[in-house]
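Just upload_28.cif here, mmCIF, C-alpha atoms:
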data_start
loop_
_atom_site.label_atom_id
_atom_site.label_comp_id
_atom_site.auth_asym_id
_atom_site.auth_seq_id
_atom_site.Cartn_x
_atom_site.Cartn_y
_atom_site.Cartn_z
CA MET T 133 -20.09 -2.36 -2.98
CA LEU T 134 -22.09 -4.41 -5.44
CA SER T 135 -25.40 -3.52 -3.79
CA HIS T 136 -24.77 0.13 -4.75
CA ASP T 137 -23.73 -0.79 -8.28
CA THR T 138 -26.64 -0.39 -10.67
CA LYS T 139 -25.06 -2.89 -13.07
CA TYR T 140 -25.67 -5.74 -10.65
CA THR T 141 -28.84 -7.24 -9.26
CA ARG T 142 -28.58 -9.56 -6.31
CA LEU T 143 -30.43 -12.83 -6.78
CA LYS T 144 -32.70 -13.68 -3.89
CA VAL T 145 -30.87 -16.91 -3.22
CA ARG T 146 -28.39 -17.15 -0.40
CA GLY T 147 -25.97 -19.99 -0.12
CA ARG T 148 -24.52 -21.20 3.14
CA THR T 149 -21.31 -23.16 3.27
CA LEU T 150 -19.53 -24.77 6.20
CA LEU T 151 -17.19 -21.81 6.77
CA GLY T 152 -18.94 -19.01 4.96
CA SER T 153 -21.58 -18.04 2.48
CA ALA T 154 -22.21 -17.33 -1.17
CA SER T 155 -24.19 -14.69 -2.97
CA TYR T 156 -25.17 -14.40 -6.61
CA TRP T 157 -25.12 -11.17 -8.59
CA LEU T 158 -26.55 -10.80 -12.04
CA ALA T 159 -25.25 -8.30 -14.58
CA ALA T 160 -26.49 -7.77 -18.14
CA ASP T 161 -24.09 -10.29 -19.62
CA HIS T 162 -22.67 -12.32 -16.74
CA LEU T 163 -23.30 -13.93 -13.41
CA LEU T 164 -20.95 -13.04 -10.58
CA ILE T 165 -20.59 -15.57 -7.78
CA VAL T 166 -19.16 -14.15 -4.55
CA GLU T 167 -18.13 -16.89 -2.18
CA LEU T 168 -16.90 -16.20 1.32
CA SER T 169 -14.77 -19.04 2.60
CA SER T 170 -13.55 -18.38 6.17
CA VAL T 171 -11.81 -14.99 5.65
CA VAL T 172 -11.27 -15.04 1.89
CA GLU T 173 -13.82 -13.68 -0.54
CA ARG T 174 -13.60 -15.34 -3.96
CA TYR T 175 -15.14 -14.02 -7.15
CA ARG T 176 -16.15 -16.02 -10.17
CA ARG T 177 -17.67 -14.52 -13.29
CA ILE T 178 -19.56 -16.61 -15.82
CA ALA T 179 -20.75 -15.14 -19.11
CA LEU T 180 -24.45 -15.88 -19.58
CA LYS T 181 -24.03 -16.59 -23.29
CA ASP T 182 -21.53 -19.36 -22.47
CA ILE T 183 -23.87 -21.34 -20.23
CA THR T 184 -25.02 -24.43 -22.07
CA VAL T 185 -26.78 -26.47 -19.41
CA MET T 186 -28.00 -26.06 -15.85
CA THR T 187 -28.61 -29.19 -13.84
CA ILE T 188 -30.05 -29.88 -10.44
CA ARG T 189 -28.78 -33.14 -9.09
CA GLY T 190 -30.49 -34.73 -6.12
CA THR T 191 -28.30 -36.25 -3.43
CA ARG T 192 -28.88 -38.81 -0.69
CA LEU T 193 -27.61 -36.53 2.06
CA PHE T 194 -31.17 -35.75 3.13
CA GLN T 195 -31.87 -39.39 4.01
CA LEU T 196 -28.36 -39.83 5.44
CA TYR T 197 -28.64 -36.87 7.84
CA LEU T 198 -32.15 -37.96 8.81
CA ILE T 199 -31.02 -41.50 9.66
CA LEU T 200 -27.95 -40.20 11.53
CA GLY T 201 -30.08 -37.82 13.56
CA ILE T 202 -32.65 -40.45 14.46
CA VAL T 203 -29.95 -42.98 15.43
CA LEU T 204 -28.26 -40.37 17.63
CA LEU T 205 -31.58 -39.44 19.17
CA LEU T 206 -32.35 -43.09 19.95
CA LEU T 207 -28.89 -43.55 21.50
CA LEU T 208 -29.36 -40.52 23.72
CA ALA T 209 -32.89 -41.65 24.63
CA THR T 210 -31.49 -45.05 25.67
CA LEU T 211 -28.86 -43.31 27.83
CA PHE T 212 -31.60 -41.11 29.26
CA VAL T 213 -33.52 -44.18 30.42
CA VAL T 214 -30.44 -46.07 31.62
CA ILE T 215 -29.04 -43.22 33.78
CA PRO T 216 -30.08 -44.04 37.36
CA SER T 217 -32.30 -41.40 38.87
CA THR T 218 -30.92 -39.75 41.97
CA GLN T 219 -32.60 -37.93 44.79
CA ASP T 220 -31.17 -34.67 43.51
CA PRO T 221 -33.84 -33.04 41.32
CA PHE T 222 -31.13 -31.19 39.38
CA ASN T 223 -29.32 -34.09 37.80
CA TYR T 224 -26.52 -32.79 35.54
CA GLY T 225 -26.50 -35.91 33.37
CA VAL T 226 -30.20 -35.61 32.67
CA VAL T 227 -29.86 -31.88 31.90
CA ILE T 228 -26.98 -32.41 29.47
CA LEU T 229 -28.67 -35.35 27.75
CA GLY T 230 -31.95 -33.48 27.55
CA SER T 231 -30.24 -30.45 26.04
CA LEU T 232 -28.46 -32.60 23.47
CA MET T 233 -31.70 -34.36 22.55
CA GLY T 234 -33.47 -31.04 22.26
CA PHE T 235 -30.70 -29.71 20.02
CA ILE T 236 -30.90 -32.76 17.75
CA VAL T 237 -34.69 -32.58 17.54
CA VAL T 238 -34.50 -28.91 16.53
CA ALA T 239 -31.76 -29.67 13.97
CA LEU T 240 -33.85 -32.52 12.53
CA LEU T 241 -36.92 -30.31 12.29
CA ILE T 242 -34.93 -27.61 10.47
CA HIS T 243 -33.50 -30.30 8.19
CA LEU T 244 -37.02 -31.58 7.39
CA VAL T 245 -38.38 -28.10 6.76
CA ARG T 246 -35.52 -27.24 4.38
CA GLY T 247 -36.41 -30.26 2.26
CA PRO T 248 -34.48 -32.67 0.05
CA THR T 249 -30.80 -32.06 -0.66
CA ALA T 250 -29.48 -31.31 -4.12
CA TYR T 251 -26.82 -29.28 -5.81
CA CYS T 252 -26.94 -27.09 -8.84
CA GLU T 253 -24.40 -27.02 -11.64
CA LEU T 254 -23.77 -24.55 -14.41
CA GLN T 255 -22.11 -26.03 -17.44
CA THR T 256 -20.25 -24.21 -20.19
CA ARG T 257 -18.33 -25.73 -23.06
CA VAL T 258 -15.14 -25.78 -21.05
CA GLN T 259 -16.10 -26.06 -17.40
CA THR T 260 -18.71 -27.23 -14.95
CA VAL T 261 -19.31 -24.94 -11.98
CA ARG T 262 -21.04 -26.26 -8.91
CA LEU T 263 -22.91 -23.35 -7.32
CA PRO T 264 -21.51 -22.86 -3.83
CA GLY T 265 -23.84 -22.95 -0.86
CA ILE T 266 -26.79 -24.30 -2.83
CA THR T 267 -27.48 -27.56 -1.04
CA ARG T 268 -31.24 -27.94 -1.18
CA ARG T 269 -33.59 -28.78 -4.00
CA ARG T 270 -35.77 -25.78 -3.20
CA SER T 271 -32.94 -23.24 -3.46
CA SER T 272 -31.61 -24.98 -6.57
CA GLU T 273 -34.99 -24.68 -8.27
CA GLN T 274 -35.21 -21.09 -7.11
CA ILE T 275 -31.90 -20.10 -8.69
CA LEU T 276 -32.72 -22.07 -11.85
CA ALA T 277 -36.04 -20.25 -12.16
CA LEU T 278 -34.27 -16.90 -11.73
CA LEU T 279 -31.43 -17.58 -14.13
CA ALA T 280 -33.09 -19.57 -16.93
CA PRO T 281 -35.03 -16.69 -18.51
CA VAL T 282 -32.00 -14.38 -18.34
CA ILE T 283 -29.68 -16.96 -19.90
CA ARG T 284 -32.17 -17.54 -22.71
CA ASN T 285 -32.36 -13.79 -23.39
CA PRO T 286 -29.07 -12.31 -22.19
CA ASP T 287 -29.84 -9.02 -23.97
CA GLY T 288 -32.30 -8.16 -21.22
CA THR T 289 -35.56 -8.75 -23.04
CA SER T 290 -36.68 -11.22 -20.39
CA ALA T 291 -38.17 -10.29 -17.06
CA HIS T 292 -35.38 -9.23 -14.75
CA PRO T 293 -35.19 -11.00 -11.38
CA SER T 294 -36.44 -8.90 -8.52
CA ARG T 295 -33.89 -7.06 -6.47
CA ALA T 296 -33.11 -8.40 -3.03
CA GLY T 297 -33.90 -6.21 -0.07
CA MET O 123 -24.07 -29.57 -32.32
CA ARG O 124 -23.74 -31.20 -28.95
CA SER O 125 -21.38 -29.34 -26.61
CA ALA O 126 -20.76 -31.83 -23.85
CA SER O 127 -22.18 -35.12 -22.70
CA LEU O 128 -24.24 -35.14 -19.56
CA GLN O 129 -23.54 -37.90 -17.11
CA CYS O 130 -25.41 -39.16 -14.10
CA HIS O 131 -23.68 -37.86 -10.97
CA ARG O 132 -24.23 -41.13 -9.14
CA CYS O 133 -23.53 -43.93 -11.63
CA ASN O 134 -21.75 -41.92 -14.38
CA THR O 135 -24.13 -43.26 -17.02
CA LEU O 136 -24.41 -41.05 -20.07
CA LEU O 137 -27.85 -39.45 -20.00
CA PRO O 138 -29.54 -40.16 -23.33
CA GLY O 139 -31.07 -37.47 -25.49
CA ASP O 140 -30.40 -34.21 -27.23
CA ALA O 141 -31.23 -30.57 -26.62
CA THR O 142 -34.96 -31.20 -27.05
CA THR O 143 -35.28 -34.42 -25.05
CA LEU O 144 -32.79 -33.78 -22.21
CA PRO O 145 -35.07 -31.36 -20.29
CA SER O 146 -37.71 -34.08 -20.04
CA ILE O 147 -35.38 -36.39 -18.09
CA THR O 148 -36.21 -36.36 -14.40
CA GLU O 149 -34.06 -39.26 -13.26
CA CYS O 150 -31.18 -41.42 -14.39
CA PRO O 151 -32.54 -44.36 -16.43
CA LEU O 152 -30.11 -46.73 -14.69
CA CYS O 153 -29.91 -45.71 -11.01
CA ALA O 154 -32.96 -43.43 -10.77
CA ALA O 155 -30.95 -40.54 -9.32
CA PRO O 156 -33.14 -37.42 -9.50
CA VAL O 157 -31.96 -34.81 -11.97
CA THR O 158 -33.45 -31.68 -13.52
CA ILE O 159 -31.89 -30.42 -16.74
CA GLN O 160 -32.31 -27.07 -18.47
CA VAL O 161 -30.69 -26.70 -21.87
CA PHE O 162 -29.83 -23.25 -23.19
CA PRO O 163 -29.22 -21.94 -26.73
CA ALA O 164 -25.43 -22.13 -26.31
CA TYR O 165 -25.79 -25.93 -26.12
CA ILE O 166 -26.79 -26.25 -29.77
CA GLN O 167 -25.02 -23.24 -31.21
CA PRO O 168 -21.60 -23.84 -32.73
CA PRO O 169 -18.78 -22.35 -30.66
CA ALA O 170 -17.80 -18.86 -31.76
CA THR O 171 -14.19 -19.39 -32.71
CA SER O 172 -12.10 -16.40 -33.60
CA LEU O 173 -9.02 -17.76 -35.25
CA VAL O 174 -6.56 -14.90 -35.20
CA VAL O 175 -3.59 -15.35 -37.45
CA PRO O 176 -0.92 -12.68 -37.25
CA SER O 177 0.22 -11.54 -40.66
CA ALA O 178 3.88 -11.76 -41.70
CA VAL O 179 5.96 -8.65 -41.37
CA GLN O 180 6.74 -6.76 -44.60
CA SER O 181 9.79 -4.62 -45.19
CA GLY O 182 9.46 -1.24 -43.48
CA GLU O 183 6.87 -2.52 -40.99
CA ALA O 184 7.41 -2.90 -37.26
CA SER O 185 7.65 -6.47 -36.05
CA CYS O 186 6.36 -8.06 -32.85
CA PHE O 187 8.85 -8.10 -29.95
CA VAL O 188 8.24 -11.80 -29.29
CA HIS O 189 7.39 -13.06 -32.79
CA THR O 190 9.91 -11.23 -34.91
CA GLN O 191 8.44 -12.57 -38.18
CA LYS O 192 4.99 -11.21 -37.40
CA ARG O 193 3.65 -7.72 -38.00
CA ALA O 194 3.18 -5.55 -34.90
CA VAL O 195 -0.29 -4.05 -34.51
CA ILE O 196 -0.11 -2.19 -31.22
CA PRO O 197 2.44 -1.19 -28.55
CA CYS O 198 2.11 -2.41 -24.96
CA ASP O 199 0.57 0.35 -22.80
CA ARG O 200 3.06 -0.34 -20.00
CA CYS O 201 6.44 -1.25 -21.48
CA GLY O 202 5.91 0.02 -25.03
CA ARG O 203 6.99 -3.20 -26.73
CA PHE O 204 5.43 -3.81 -30.13
CA LEU O 205 2.89 -6.61 -30.12
CA CYS O 206 1.30 -8.78 -32.79
CA VAL O 207 -2.34 -9.85 -32.53
CA LEU O 208 -1.33 -12.98 -30.62
CA CYS O 209 0.67 -11.11 -27.96
CA ASP O 210 -1.88 -8.35 -27.44
CA PHE O 211 -3.86 -8.80 -24.21
CA PRO O 212 -6.72 -6.29 -24.14
CA ILE O 213 -7.55 -5.84 -20.45
CA GLY O 214 -10.04 -3.13 -19.65
CA ASN O 215 -8.95 -0.09 -21.66
CA GLN O 216 -5.34 -1.21 -21.87
CA HIS O 217 -3.40 -3.35 -24.32
CA LEU O 218 -0.67 -5.27 -22.52
CA CYS O 219 2.04 -7.75 -23.40
CA PRO O 220 2.15 -11.18 -21.69
CA GLY O 221 5.08 -10.10 -19.46
CA CYS O 222 3.30 -6.99 -18.19
CA VAL O 223 0.12 -9.00 -17.55
CA GLU O 224 2.12 -11.47 -15.50
CA ASN O 225 3.88 -8.73 -13.51
CA ALA O 226 0.71 -6.73 -12.94
CA SER O 227 -1.11 -9.87 -11.90
CA ALA O 228 1.61 -10.77 -9.39
CA LYS O 229 1.57 -7.23 -7.96
CA LYS O 230 -2.26 -7.16 -7.96
CA GLU O 231 -2.25 -4.00 -10.04
CA LEU O 232 -5.01 -5.09 -12.40
CA GLY O 233 -8.43 -5.07 -10.80
CA GLU O 234 -9.85 -6.93 -13.80
CA LEU O 235 -7.74 -9.99 -12.94
CA GLU O 236 -8.58 -9.96 -9.24
CA ASN O 237 -10.40 -13.11 -8.20
CA HIS O 238 -10.21 -12.93 -4.42
CA ARG O 239 -9.76 -10.58 -1.49
CA VAL O 240 -8.91 -11.27 2.14
CA ARG O 241 -11.56 -10.00 4.55
CA TRP O 242 -9.31 -8.37 7.15
CA ASP O 243 -12.34 -7.16 9.07
CA LEU O 244 -13.27 -10.80 9.71
CA VAL O 245 -9.71 -11.63 10.79
CA VAL O 246 -9.84 -8.77 13.31
CA TRP O 247 -13.25 -9.85 14.58
CA TYR O 248 -12.15 -13.48 14.94
CA LEU O 249 -9.17 -12.26 16.98
CA LEU O 250 -11.60 -10.24 19.08
CA VAL O 251 -14.23 -12.87 19.71
CA VAL O 252 -12.35 -16.17 19.83
CA PRO O 253 -10.36 -15.35 23.05
CA VAL O 254 -13.53 -14.18 24.78
CA VAL O 255 -15.38 -17.43 24.11
CA SER O 256 -12.39 -19.73 24.57
CA CYS O 257 -9.53 -18.59 26.74
CA GLY O 258 -9.58 -15.00 27.98
CA TRP O 259 -5.97 -15.15 29.07
CA ILE O 260 -4.74 -14.74 25.50
CA ILE O 261 -6.44 -11.33 25.15
CA PRO O 262 -3.15 -9.44 25.84
CA LEU O 263 -1.77 -11.22 22.77
CA THR O 264 -4.77 -11.20 20.43
CA ALA O 265 -6.14 -7.69 21.11
CA PRO O 266 -2.91 -5.83 20.18
CA THR O 267 -2.47 -8.14 17.16
CA ALA O 268 -6.01 -7.36 16.02
CA PHE O 269 -5.43 -3.63 16.57
CA VAL O 270 -2.17 -3.60 14.58
CA LEU O 271 -3.82 -5.61 11.79
CA ALA O 272 -6.75 -3.20 11.71
CA ILE O 273 -4.34 -0.26 11.42
CA LEU O 274 -2.17 -1.89 8.75
CA LYS O 275 -5.07 -3.14 6.64
CA ARG O 276 -7.37 -0.14 6.92
CA GLN O 277 -6.62 0.84 3.30
CA SER O 278 -6.83 -2.69 1.88
CA PRO O 279 -9.47 -3.24 -0.82
CA PRO O 280 -12.87 -3.65 0.85
CA SER O 281 -15.28 -6.50 0.41
CA LEU O 282 -17.58 -6.35 -2.60
CA VAL O 283 -20.64 -7.42 -0.66
CA SER O 284 -20.16 -6.24 2.90
CA ARG O 285 -19.31 -3.00 4.71
CA SER O 286 -15.89 -4.34 5.62
CA ARG O 287 -14.29 -0.90 6.20
CA LEU O 288 -16.95 -0.03 8.76
CA TRP O 289 -16.56 -3.40 10.49
CA LEU O 290 -12.79 -2.93 10.52
CA LYS O 291 -13.10 0.47 12.23
CA LEU O 292 -15.59 -0.93 14.71
CA GLY O 293 -13.23 -3.85 15.38
CA MET O 294 -10.39 -1.41 15.96
CA ILE O 295 -12.37 0.42 18.65
CA LEU O 296 -13.46 -2.84 20.26
CA THR O 297 -9.90 -4.19 20.42
CA ILE O 298 -8.93 -1.15 22.50
CA LEU O 299 -11.97 -1.62 24.74
CA GLU O 300 -11.25 -5.34 25.08
CA PHE O 301 -7.64 -4.71 26.02
CA VAL O 302 -8.48 -1.94 28.50
CA GLY O 303 -11.27 -4.07 29.95
CA PHE O 304 -8.92 -7.00 30.42
CA ILE O 305 -6.31 -4.82 32.19
CA ALA O 306 -9.01 -3.29 34.41
CA LEU O 307 -10.27 -6.76 35.31
CA MET O 308 -6.76 -7.92 36.18
CA VAL O 309 -6.14 -4.85 38.34
CA TYR O 310 -9.45 -5.41 40.10
CA LEU O 311 -8.77 -9.10 40.69
CA ILE O 312 -5.24 -8.49 42.01
CA HIS O 313 -5.80 -5.42 44.16
CA PHE O 314 -9.41 -5.50 45.25
CA ALA O 315 -10.55 -9.10 45.14
CA ASN O 316 -7.33 -10.60 46.60
CA PHE O 317 -7.16 -12.97 43.65
#
Could you rewrite the structure in this file as structure tokens?
Amino acid sequence: MLSHDTKYTRLKVRGRTLLGSASYWLAADHLLIVELSSVVERYRRIALKDITVMTIRGTRLFQLYLILGIVLLLLLATLFVVIPSTQDPFNYGVVILGSLMGFIVVALLIHLVRGPTAYCELQTRVQTVRLPGITRRRSSEQILALLAPVIRNPDGTSAHPSRAG
Amino acid sequence: MRSASLQCHRCNTLLPGDATTLPSITECPLCAAPVTIQVFPAYIQPPATSLVVPSAVQSGEASCFVHTQKRAVIPCDRCGRFLCVLCDFPIGNQHLCPGCVENASAKKELGELENHRVRWDLVVWYLLVVPVVSCGWIIPLTAPTAFVLAILKRQSPPSLVSRSRLWLKLGMILTILEFVGFIALMVYLIHFANF
């Protein structure tokens, strides 16, 4: 396992994808990206000396998800009001709608806390690699801050990123 | 020397500037899409090209198996064919010919060329959990399948980041428990609960 391998240091950035996750491992001369996609684990190694540019590109998904969530919430709230109240205090329709609204509110809150969406790209002379699972500006800036000093000094003279627990 | 042009991801406009001015750009000048750019030394350094030209074979010298006019420099560590500098593939501690690299890659014999692994522990766990949360009646089908898979794949290469062997063993035990539990439930429902 990489966590037992002294050559690798795990970067404290964890990527989440729709069907899996991604982790980033730093060696003296390369970055290893381990991406789990459903049941297949893929490995990609990028030599640090080959990286020319790192970019963080902001996306509009933050606003899009926010608007979608609010629209859905308003729709459910309208249904909530329209559903005729019955004598039965345990109205299934109200319970289901309430649960859905609660779920959306929680999802929206998490979305707001996680902040604006963005993706991070590593560029070499021959390829551009979009870092998997990095979907927020905060995590993109985090990984950029961890990698930039190491890419500038791949011989290890820079401060090494702290090891993940 | 500029390595590659940077474009805006939204409007595809070429972002103006060079290695010194690019990091100061915070948004696309045309569509105002937010962007943060970090430029590294490799951006301005010229590419390190290593133009390897195999020398022509002289009389009395061994020639390359593929390029018969070129001088052989090393034999393949697997098949022993003589190779010129173009045909020599140094992989790990071995020097291989293109044919052996292709064969070894197809047979997954070279760990250095491995770029993915199947997480059989996850397959077993999916087979364990999915019937429980969806349709319990397929347990007699999925539990033995998961058990057989766990047995067959117990020696497969483990995950690089997770304790997949441990999870596979745990899954194996749970498949037996799931299957036995299902049979016990059926027996109970048929004989004792008049189901």
message: Here's the selection I'm unsure about, the PyMOL selection byres ((chain T) within 6 of (chain O)); applied to the file above, which residues does it give, as a list in words?
response: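 Selected by the PyMOL selection byres ((chain T) within 6 of (chain O)) in this file: Met133, Leu134, Val171, Val172, Glu173, Arg174, Tyr175, Thr184, Val185, Met186, Thr187, Ile188, Arg189, Gly190 and Arg257 of chain T.
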field: Straight-line distance linking CA of Gly293 in chain O with CA of Ser169 in chain T, stated in Å to one decimal
entry: 19.9 Å
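When CA of Val145 in chain T is paired with CA of Pro264 in chain T, their separation reads 11.1 Å.
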task: Can you work out which one of T:Ala179, T:Leu207, T:Leu254, T:Ala239 has the shortest atom-to-atom distance to Ile275 in chain T, counting all atoms listed in the file?
output: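 The answer is T:Leu254, which sits nearest to Ile275 in chain T.
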task: Go through the shown structure with the PyMOL selection byres ((chain O and resi 175-190) around 12) and write out the matching residues as a list in words.
output: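 When the PyMOL selection byres ((chain O and resi 175-190) around 12) is applied, the selected residues are Ser172, Leu173, Val174, Gln191, Lys192, Arg193, Ala194, Val195, Ile196, Pro197, Cys198, Cys201, Gly202, Arg203, Phe204, Leu205, Cys206, Val207, Leu208, Cys209, Asp210, Cys219, Pro220 and Gly221 of chain O.
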task: Determine the residue set returned by the PyMOL selection byres ((chain T and resi 252) around 6) for the present structure, and present it as a list in words.
output: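 Evaluating the PyMOL selection byres ((chain T and resi 252) around 6) on this file yields Thr187, Ile188, Tyr251, Glu253, Arg262, Leu263 and Ser272 of chain T.
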message: One decimal, in Å: what's the spacing between CA of Ala272 in chain O and CA of Trp289 in chain O?
response: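 Atom-to-atom, CA of Ala272 in chain O and CA of Trp289 in chain O are spaced 9.9 Å apart.
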field: Residues within 12 Å of (-18.9, -20.2, -2.9), counting all atoms listed in the file, listed as number ranges by chain
entry: T: 146-156, 164-170, 172-177, 261-267; O: 238
task: List the neighbours of range 157-162 of chain T out to 10 Å using only C-alpha atoms; skip same-chain residues closer than 4 positions along the sequence, and give me the result as a PyMOL selection string.
output: (chain T and resi 134-135+137-145+166+176-183+278-279+282-283+285-288+292-293+295) or (chain O and resi 283)
May I have the centre and edge lengths, in Å to one decimal, of an axis-aligned box around the listed atoms of range 232-251 of chain T with 6 Å added to every side, as JSON?
{"center_x": -32.6, "center_y": -30.8, "center_z": 8.8, "size_x": 23.6, "size_y": 19.1, "size_z": 41.3}
query: So which residues touch Phe269 in chain O within 9 Å, counting all atoms listed in the file, skipping near sequence neighbours fewer than 6 positions away, as a list of chain:residue names?
result: O:Val246, O:Gly293, O:Met294, O:Ile295, O:Leu296, O:Thr297, O:Ile298
Extract range 251-313 of chain O from the structure I just pasted (atoms: C-alpha atoms) and return it as a compact mmCIF listing (two decimals), in the first residue's frame.
# COMPACT_ATOMS: atom_id res chain seq x y z
CA VAL O 251 -25.16 -5.16 -0.17
CA VAL O 252 -27.21 -4.46 -3.29
CA PRO O 253 -29.62 -7.46 -2.84
CA VAL O 254 -30.16 -6.54 0.80
CA VAL O 255 -31.22 -2.98 0.00
CA SER O 256 -33.10 -3.79 -3.19
CA CYS O 257 -34.54 -7.25 -3.64
CA GLY O 258 -33.62 -9.87 -1.06
CA TRP O 259 -34.91 -12.69 -3.22
CA ILE O 260 -31.81 -12.61 -5.40
CA ILE O 261 -29.52 -13.43 -2.46
CA PRO O 262 -29.35 -17.17 -3.41
CA LEU O 263 -27.87 -15.99 -6.71
CA THR O 264 -25.64 -13.10 -5.60
CA ALA O 265 -24.20 -14.56 -2.38
CA PRO O 266 -22.68 -17.69 -4.02
CA THR O 267 -21.45 -15.53 -6.93
CA ALA O 268 -19.78 -13.16 -4.49
CA PHE O 269 -18.26 -16.09 -2.58
CA VAL O 270 -16.86 -17.72 -5.73
CA LEU O 271 -15.48 -14.37 -6.90
CA ALA O 272 -13.85 -13.79 -3.52
CA ILE O 273 -12.22 -17.23 -3.70
CA LEU O 274 -11.05 -16.83 -7.30
CA LYS O 275 -9.73 -13.31 -6.87
CA ARG O 276 -8.14 -13.66 -3.44
CA GLN O 277 -4.65 -13.59 -5.00
CA SER O 278 -5.36 -10.75 -7.44
CA PRO O 279 -3.18 -7.64 -7.05
CA PRO O 280 -4.50 -5.56 -4.16
CA SER O 281 -5.49 -1.93 -4.25
CA LEU O 282 -2.70 0.61 -3.85
CA VAL O 283 -4.64 2.78 -1.45
CA SER O 284 -7.01 0.51 0.42
CA ARG O 285 -6.85 -2.73 2.42
CA SER O 286 -8.62 -4.60 -0.35
CA ARG O 287 -7.37 -8.08 0.70
CA LEU O 288 -8.81 -7.61 4.18
CA TRP O 289 -12.12 -6.36 2.77
CA LEU O 290 -12.21 -9.31 0.38
CA LYS O 291 -11.76 -11.80 3.25
CA LEU O 292 -14.39 -10.01 5.30
CA GLY O 293 -16.73 -10.06 2.29
CA MET O 294 -16.13 -13.79 1.90
CA ILE O 295 -17.22 -14.44 5.49
CA LEU O 296 -20.24 -12.17 5.14
CA THR O 297 -21.40 -13.88 1.94
CA ILE O 298 -21.57 -17.17 3.86
CA LEU O 299 -23.45 -15.49 6.71
CA GLU O 300 -25.81 -13.78 4.27
CA PHE O 301 -26.56 -17.03 2.48
CA VAL O 302 -27.05 -19.01 5.70
CA GLY O 303 -29.19 -16.20 7.11
CA PHE O 304 -31.37 -16.18 4.02
CA ILE O 305 -31.89 -19.97 4.16
CA ALA O 306 -32.68 -19.78 7.88
CA LEU O 307 -35.21 -17.02 7.23
CA MET O 308 -36.87 -19.05 4.47
CA VAL O 309 -37.05 -22.14 6.69
CA TYR O 310 -38.55 -20.06 9.48
CA LEU O 311 -41.11 -18.42 7.19
CA ILE O 312 -42.17 -21.73 5.61
CA HIS O 313 -42.26 -23.99 8.66
